[in-house]
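Enquirer: My structure is in my_file.txt, and what it holds is compact mmCIF, C-alpha atoms and all ligand atoms:
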# COMPACT_ATOMS: atom_id res chain seq x y z
CA MET A 70 81.57 129.39 152.90
CA THR A 71 79.63 126.79 151.00
CA SER A 72 80.19 126.30 147.35
CA ALA A 73 78.56 123.95 144.93
CA ALA A 74 80.63 120.80 144.55
CA SER A 75 78.76 120.13 141.38
CA ALA A 76 76.56 122.33 139.28
CA ARG A 77 74.35 120.35 136.95
CA PHE A 78 71.62 122.60 135.74
CA LEU A 79 68.87 122.76 133.17
CA ILE A 80 67.35 126.01 132.04
CA VAL A 81 63.85 125.63 130.62
CA GLY A 82 61.53 128.24 129.17
CA PRO A 83 59.69 129.11 125.99
CA GLN A 84 61.60 130.50 123.05
CA GLY A 85 62.11 134.18 123.68
CA SER A 86 62.23 133.75 127.47
CA GLY A 87 65.85 134.91 127.60
CA LYS A 88 67.11 131.49 128.69
CA GLY A 89 70.09 131.62 126.33
CA THR A 90 71.39 134.86 127.81
CA GLN A 91 70.65 133.91 131.41
CA GLY A 92 72.04 130.42 130.91
CA VAL A 93 75.40 131.79 129.80
CA LEU A 94 75.59 133.99 132.91
CA VAL A 95 74.81 131.11 135.26
CA ALA A 96 77.23 128.76 133.50
CA GLU A 97 80.03 131.35 133.59
CA ALA A 98 79.49 132.08 137.27
CA PHE A 99 79.65 128.40 138.17
CA GLY A 100 82.54 127.72 135.81
CA VAL A 101 80.69 125.05 133.85
CA PRO A 102 80.04 124.84 130.10
CA GLN A 103 76.75 126.04 128.73
CA VAL A 104 75.46 123.43 126.31
CA ALA A 105 72.72 124.73 124.03
CA THR A 106 71.53 122.09 121.59
CA GLY A 107 69.97 124.70 119.28
CA ASP A 108 73.33 126.51 119.02
CA ILE A 109 75.16 123.25 118.31
CA PHE A 110 72.68 122.34 115.58
CA ARG A 111 72.89 125.82 114.03
CA GLU A 112 76.70 125.71 114.00
CA ASN A 113 76.55 122.37 112.21
CA VAL A 114 74.08 123.71 109.65
CA LYS A 115 76.32 126.72 109.03
CA GLY A 116 79.43 124.56 108.75
CA GLY A 117 77.69 122.19 106.32
CA THR A 118 78.60 119.09 108.39
CA ASP A 119 76.82 115.73 107.90
CA LEU A 120 74.82 116.41 111.05
CA GLY A 121 74.00 119.89 109.77
CA LYS A 122 72.70 118.49 106.49
CA LYS A 123 70.55 115.98 108.35
CA VAL A 124 68.90 118.54 110.61
CA GLN A 125 68.68 121.66 108.45
CA GLU A 126 65.16 121.12 107.11
CA ILE A 127 63.85 120.04 110.49
CA ILE A 128 65.18 123.14 112.19
CA GLU A 129 63.96 125.49 109.51
CA ALA A 130 60.46 124.07 109.89
CA GLY A 131 60.65 124.45 113.67
CA HIS A 132 60.17 120.70 114.28
CA LEU A 133 62.15 118.70 116.80
CA VAL A 134 65.23 116.81 115.70
CA PRO A 135 64.75 113.06 116.49
CA ASP A 136 65.43 112.21 120.13
CA GLU A 137 68.12 109.61 119.47
CA LEU A 138 70.18 111.98 117.38
CA THR A 139 69.81 114.83 119.86
CA SER A 140 70.53 112.71 122.91
CA GLU A 141 73.63 111.21 121.32
CA LEU A 142 74.90 114.71 120.58
CA VAL A 143 74.32 115.74 124.20
CA ARG A 144 75.96 112.61 125.61
CA ASP A 145 79.05 113.20 123.49
CA ARG A 146 79.22 116.78 124.68
CA LEU A 147 78.73 115.94 128.37
CA GLU A 148 81.49 113.35 128.17
CA GLN A 149 84.03 116.07 127.41
CA PRO A 150 86.38 116.78 130.33
CA ASP A 151 85.14 120.35 130.83
CA ALA A 152 81.71 119.00 131.84
CA GLU A 153 83.07 116.70 134.52
CA HIS A 154 81.91 118.85 137.43
CA GLY A 155 78.86 120.28 135.83
CA PHE A 156 77.07 121.83 132.93
CA LEU A 157 74.14 123.99 132.11
CA LEU A 158 71.88 122.50 129.48
CA ASP A 159 69.77 124.91 127.46
CA GLY A 160 67.16 123.51 125.11
CA TYR A 161 67.55 119.90 126.23
CA PRO A 162 65.69 117.81 127.29
CA ARG A 163 62.73 118.96 125.22
CA ASN A 164 60.29 116.09 125.81
CA ARG A 165 59.78 113.05 128.01
CA GLY A 166 61.84 110.75 125.80
CA GLN A 167 64.84 113.04 126.17
CA VAL A 168 64.29 113.22 129.94
CA GLU A 169 64.60 109.43 130.04
CA HIS A 170 67.76 109.53 127.95
CA LEU A 171 69.32 112.14 130.20
CA ASP A 172 68.30 110.22 133.34
CA ALA A 173 69.91 107.06 132.00
CA PHE A 174 73.09 108.89 131.05
CA LEU A 175 73.45 110.60 134.43
CA GLU A 176 72.56 107.48 136.40
CA GLY A 177 75.18 105.56 134.48
CA ARG A 178 77.74 108.06 135.73
CA GLY A 179 76.42 108.24 139.28
CA GLU A 180 75.40 111.85 138.77
CA SER A 181 72.20 113.80 139.17
CA LEU A 182 70.80 117.22 138.43
CA ASP A 183 71.12 119.97 141.03
CA ALA A 184 68.43 122.33 139.77
CA VAL A 185 66.06 123.05 136.92
CA ILE A 186 65.67 126.77 136.30
CA GLU A 187 62.23 127.49 134.84
CA LEU A 188 61.86 130.90 133.23
CA VAL A 189 58.24 131.95 133.17
CA VAL A 190 57.29 134.38 130.40
CA PRO A 191 53.75 134.93 129.08
CA ARG A 192 53.10 133.87 125.49
CA ASP A 193 52.58 137.42 124.14
CA GLU A 194 55.83 138.56 125.65
CA SER A 195 57.84 135.69 124.16
CA ILE A 196 56.27 136.24 120.74
CA SER A 197 57.17 139.92 120.72
CA ARG A 198 60.73 139.17 121.89
CA LEU A 199 61.11 136.56 119.14
CA GLN A 200 59.87 138.98 116.52
CA GLN A 201 62.39 141.50 117.75
CA ARG A 202 65.17 138.91 117.58
CA ALA A 203 64.08 137.96 114.06
CA SER A 204 64.58 141.50 112.87
CA GLU A 205 67.95 141.77 114.67
CA GLN A 206 69.52 138.38 113.94
CA GLY A 207 67.68 137.11 110.89
CA ARG A 208 67.39 133.55 112.20
CA THR A 209 65.67 131.39 109.58
CA ASP A 210 63.44 129.78 112.21
CA ASP A 211 62.20 133.08 113.62
CA THR A 212 59.50 133.63 110.98
CA GLU A 213 55.93 134.05 112.23
CA ASP A 214 54.66 130.55 111.28
CA VAL A 215 57.72 128.80 112.58
CA ILE A 216 57.64 130.78 115.83
CA ALA A 217 54.04 129.68 116.36
CA ASN A 218 55.03 126.08 115.65
CA ARG A 219 57.96 126.17 118.07
CA LEU A 220 55.88 127.70 120.85
CA ALA A 221 53.15 125.10 120.30
CA ILE A 222 55.74 122.32 120.60
CA TYR A 223 57.05 123.96 123.76
CA GLU A 224 53.62 124.04 125.34
CA ARG A 225 52.69 120.52 124.24
CA GLU A 226 55.95 118.63 124.76
CA THR A 227 58.43 120.64 126.79
CA ALA A 228 56.31 122.31 129.49
CA PRO A 229 55.10 118.86 130.73
CA ILE A 230 58.67 117.76 131.50
CA LEU A 231 58.65 120.36 134.26
CA ASP A 232 56.09 118.21 136.10
CA VAL A 233 58.59 115.36 136.13
CA TYR A 234 61.26 117.60 137.65
CA ARG A 235 58.78 119.24 140.03
CA GLU A 236 58.07 115.80 141.49
CA ARG A 237 61.80 115.55 142.17
CA ASP A 238 61.70 118.99 143.80
CA LEU A 239 64.28 120.36 141.39
CA VAL A 240 62.38 123.23 139.80
CA LEU A 241 63.15 126.86 140.59
CA ARG A 242 60.32 128.87 139.07
CA ILE A 243 61.61 132.29 138.04
CA ASP A 244 59.57 135.23 136.78
CA GLY A 245 61.27 136.00 133.45
CA VAL A 246 59.64 139.39 132.95
CA GLY A 247 61.85 142.33 133.84
CA THR A 248 65.24 143.66 132.92
CA LEU A 249 68.05 141.25 132.18
CA ASP A 250 69.71 142.14 135.50
CA GLU A 251 66.53 141.72 137.50
CA VAL A 252 65.96 138.26 136.11
CA THR A 253 69.62 137.31 136.67
CA GLU A 254 69.33 138.37 140.30
CA ARG A 255 66.20 136.31 140.79
CA ILE A 256 67.92 133.25 139.38
CA PHE A 257 71.02 133.56 141.59
CA ALA A 258 68.88 134.25 144.64
CA ALA A 259 66.81 131.13 143.97
CA LEU A 260 69.93 129.02 143.43
CA ALA A 261 71.45 130.40 146.64
CA GLY A 262 68.23 129.44 148.42
CA ARG A 263 69.12 125.85 147.54
CA GLY A 264 72.69 126.26 148.71
CA LEU A 265 73.91 126.53 145.13
CA VAL A 266 76.39 129.38 144.97
CA PRO A 267 79.25 129.91 142.56
CA ASN A 268 82.68 128.77 143.78
CA GLY A 269 84.34 131.26 146.04
CA ASP A 270 81.42 133.68 146.15
CA ALA A 271 78.72 132.93 148.65
CA SER A 272 77.28 136.42 148.33
CA VAL A 273 76.10 136.34 144.72
CA GLY A 274 72.39 136.88 144.53
CA ALA A 275 72.00 136.73 148.29
CA ALA A 276 70.93 140.39 148.58
P1 LIG B 1 66.53 126.50 120.06
O1 LIG B 1 67.64 127.42 119.70
O2 LIG B 1 66.73 125.83 121.39
O3 LIG B 1 65.18 127.12 119.94
O4 LIG B 1 66.59 125.31 118.99
C1 LIG B 1 66.47 125.55 117.62
C2 LIG B 1 65.99 124.29 116.92
O5 LIG B 1 66.96 123.24 117.09
C3 LIG B 1 64.70 123.71 117.44
O6 LIG B 1 63.55 124.35 116.89
C4 LIG B 1 64.82 122.25 117.00
O7 LIG B 1 64.59 122.12 115.61
C5 LIG B 1 66.29 121.99 117.25
N1 LIG B 1 66.52 121.51 118.64
C6 LIG B 1 67.21 122.16 119.62
N2 LIG B 1 67.22 121.45 120.74
C7 LIG B 1 66.52 120.31 120.49
C8 LIG B 1 66.16 119.19 121.26
N3 LIG B 1 66.51 119.05 122.55
N4 LIG B 1 65.43 118.22 120.66
C9 LIG B 1 65.07 118.30 119.37
N5 LIG B 1 65.35 119.36 118.59
C10 LIG B 1 66.07 120.36 119.14
Output the file's structure as structure tokens, nothing else.
Ligand code: AMP
Expert:
Amino acid sequence: MTSAASARFLIVGPQGSGKGTQGVLVAEAFGVPQVATGDIFRENVKGGTDLGKKVQEIIEAGHLVPDELTSELVRDRLEQPDAEHGFLLDGYPRNRGQVEHLDAFLEGRGESLDAVIELVVPRDESISRLQQRASEQGRTDDTEDVIANRLAIYERETAPILDVYRERDLVLRIDGVGTLDEVTERIFAALAGRGLVPNGDASVGAA
């Protein structure tokens, strides 16, 4: 039985693609922490920390937090002992500058990514999912204007980073339309196709 010695994953997709939910499932299965920069920023805003005060306006407008600040936050998190054998990053890197920061960090530790999970969801679908989430969760950055801004940033700055990872043959392109379970199965099957299976369970997603 093969099992992944390391599991260093990114999950990339537009807002509303379900990457948060799917990312948690993948991280849990592989026993690695899910690190979602948006969640960390929101917790800091809620807790009124110095970081939270710095980023609150930026997040509410749907702009990107400066790269240096974001990358430092991620480096600190990935240096925690629970991320020693892997992690799943959700929402980072978000642009080419952050890709370079992550590359430098991982190279410095003699590590590399194992896979980049790309969730593909058409624009209309992600907008309607975000509107739904806005009415359910009341996130301050899920208003119509801010949603449009965040999706535009995704298309302009984040989607192009997939080309960088495609050149490294790391990208698993997953159709994100379907039920939660269907999409989860596609992700695990694609990971298994690369020999990436959760510890102790070589059968997950292989069906
Ligand atoms: P998310 O939950 O991933 O959509 O992130 C919510 C907000 O947090 C984003 O709209 C940005 O303002 C900020 N944010 C999250 N991740 C990053 C990142 N990697 N770089 C810059 N800003 C980020």
Enquirer: Find the residues near segment 97-112 of chain A: any atom within 9 Å, counting all atoms listed in the file, skip ones fewer than 3 places away on the same chain, and give them as a ChimeraX atom specification.
Expert: /A:73,75-77,89,92-94,115-118,120-121,124-125,128,139,142-143,146-147,151-161,266-268
Enquirer: Using all atoms listed in the file, which protein or nucleic acid residues come within 6 Å of Val240 of chain A? Drop anything in the same chain fewer than 5 positions from it, and give the result as a PyMOL selection string.
Expert: chain A and resi 185-186+235
Enquirer: For ligand LIG 1 (chain B), which residue out of A:Leu199, A:Arg144, A:Asp210, A:Ala96 is the nearest one, using only C-alpha atoms and all ligand atoms?
Expert: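 The closest residue to ligand LIG 1 (chain B) is A:Asp210.
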Enquirer: Have a look at A:Arg225, A:Gln91, A:Gly85, A:Asp232 and name the one nearest to Leu249 of chain A; count all atoms listed in the file.
Expert: A:Gln91
Enquirer: Would you list the contacts of Asp214 of chain A as a list in words, taking every protein, DNA or RNA residue within 10 Å and counting all atoms listed in the file, but skipping same-chain residues closer than 4 positions in sequence?
Expert: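 Returned residues: Ala130, Gly131, Asp210, Asn218 and Arg219 of chain A.
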Enquirer: Hey, which of A:Arg163, A:Leu241, A:Glu251, A:Asn113 ends up closest to His132 of chain A? Count all atoms listed in the file.
Expert: A:Arg163
Enquirer: With distances taken over all atoms listed in the file, which residue among A:Glu169, A:Asp136, A:Glu180, A:Asp211 lies nearest ligand LIG 1 (chain B)?
Expert: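 For ligand LIG 1 (chain B), the nearest of the candidates is A:Asp136.
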Enquirer: For ligand LIG 1 (chain B), which residue out of A:Gly247, A:Pro150, A:Pro135, A:Gly264 is the nearest one, using all atoms listed in the file?
Expert: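 Of A:Gly247, A:Pro150, A:Pro135, A:Gly264, the one nearest ligand LIG 1 (chain B) is A:Pro135, counting all atoms listed in the file.
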Enquirer: From the list A:Glu236, A:Glu226, A:Asp145, A:Glu176, which residue is nearest ligand LIG 1 (chain B) when using all atoms listed in the file?
Expert: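 Among A:Glu236, A:Glu226, A:Asp145, A:Glu176, it is A:Glu226 that comes nearest to ligand LIG 1 (chain B).
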Enquirer: Between atom CA of Asn164 of chain A and atom CA of Ile127 of chain A, what is the distance in Å, rounded to a tenth?
Expert: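 Taking atom CA of Asn164 of chain A and atom CA of Ile127 of chain A, their separation equals 16.2 Å.
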Enquirer: Could you write out as AutoDock Vina command-line options the box around ligand LIG 1 (chain B) (axis-aligned, all atoms listed in the file, 3 Å on each side), with centre and edge lengths in Å to one decimal?
Expert:
--center_x 65.6 --center_y 122.8 --center_z 119.1 --size_x 10.1 --size_y 15.2 --size_z 12.9
Enquirer: What separation in Å, quoted to one decimal, exists between atom CA of Arg263 of chain A and atom CA of Phe78 of chain A?
Expert: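 Rounded to one decimal, the two atoms are 12.5 Å apart.
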Enquirer: Between atom CA of Glu141 of chain A and atom CA of Val215 of chain A, what is the distance in Å, rounded to a tenth?
Expert: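 So the answer is 25.3 Å.
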Enquirer: Compile the contact shell of Ser197 of chain A as an mmCIF file with C-alpha atoms, in the coordinates of the input: residues with an atom at most 12 Å away, counting only C-alpha atoms, same-chain residues fewer than 2 positions apart removed.
Expert:
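That gives us out-v8.cif:
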data_model
loop_
_atom_site.group_PDB
_atom_site.id
_atom_site.type_symbol
_atom_site.label_atom_id
_atom_site.label_comp_id
_atom_site.auth_asym_id
_atom_site.auth_seq_id
_atom_site.Cartn_x
_atom_site.Cartn_y
_atom_site.Cartn_z
ATOM 1 C CA GLN A 84 61.600 130.500 123.050
ATOM 2 C CA GLY A 85 62.110 134.180 123.680
ATOM 3 C CA SER A 86 62.230 133.750 127.470
ATOM 4 C CA VAL A 190 57.290 134.380 130.400
ATOM 5 C CA PRO A 191 53.750 134.930 129.080
ATOM 6 C CA ARG A 192 53.100 133.870 125.490
ATOM 7 C CA ASP A 193 52.580 137.420 124.140
ATOM 8 C CA GLU A 194 55.830 138.560 125.650
ATOM 9 C CA SER A 195 57.840 135.690 124.160
ATOM 10 C CA LEU A 199 61.110 136.560 119.140
ATOM 11 C CA GLN A 200 59.870 138.980 116.520
ATOM 12 C CA GLN A 201 62.390 141.500 117.750
ATOM 13 C CA ARG A 202 65.170 138.910 117.580
ATOM 14 C CA ALA A 203 64.080 137.960 114.060
ATOM 15 C CA SER A 204 64.580 141.500 112.870
ATOM 16 C CA ASP A 211 62.200 133.080 113.620
ATOM 17 C CA THR A 212 59.500 133.630 110.980
ATOM 18 C CA GLU A 213 55.930 134.050 112.230
ATOM 19 C CA ILE A 216 57.640 130.780 115.830
ATOM 20 C CA ALA A 217 54.040 129.680 116.360
#
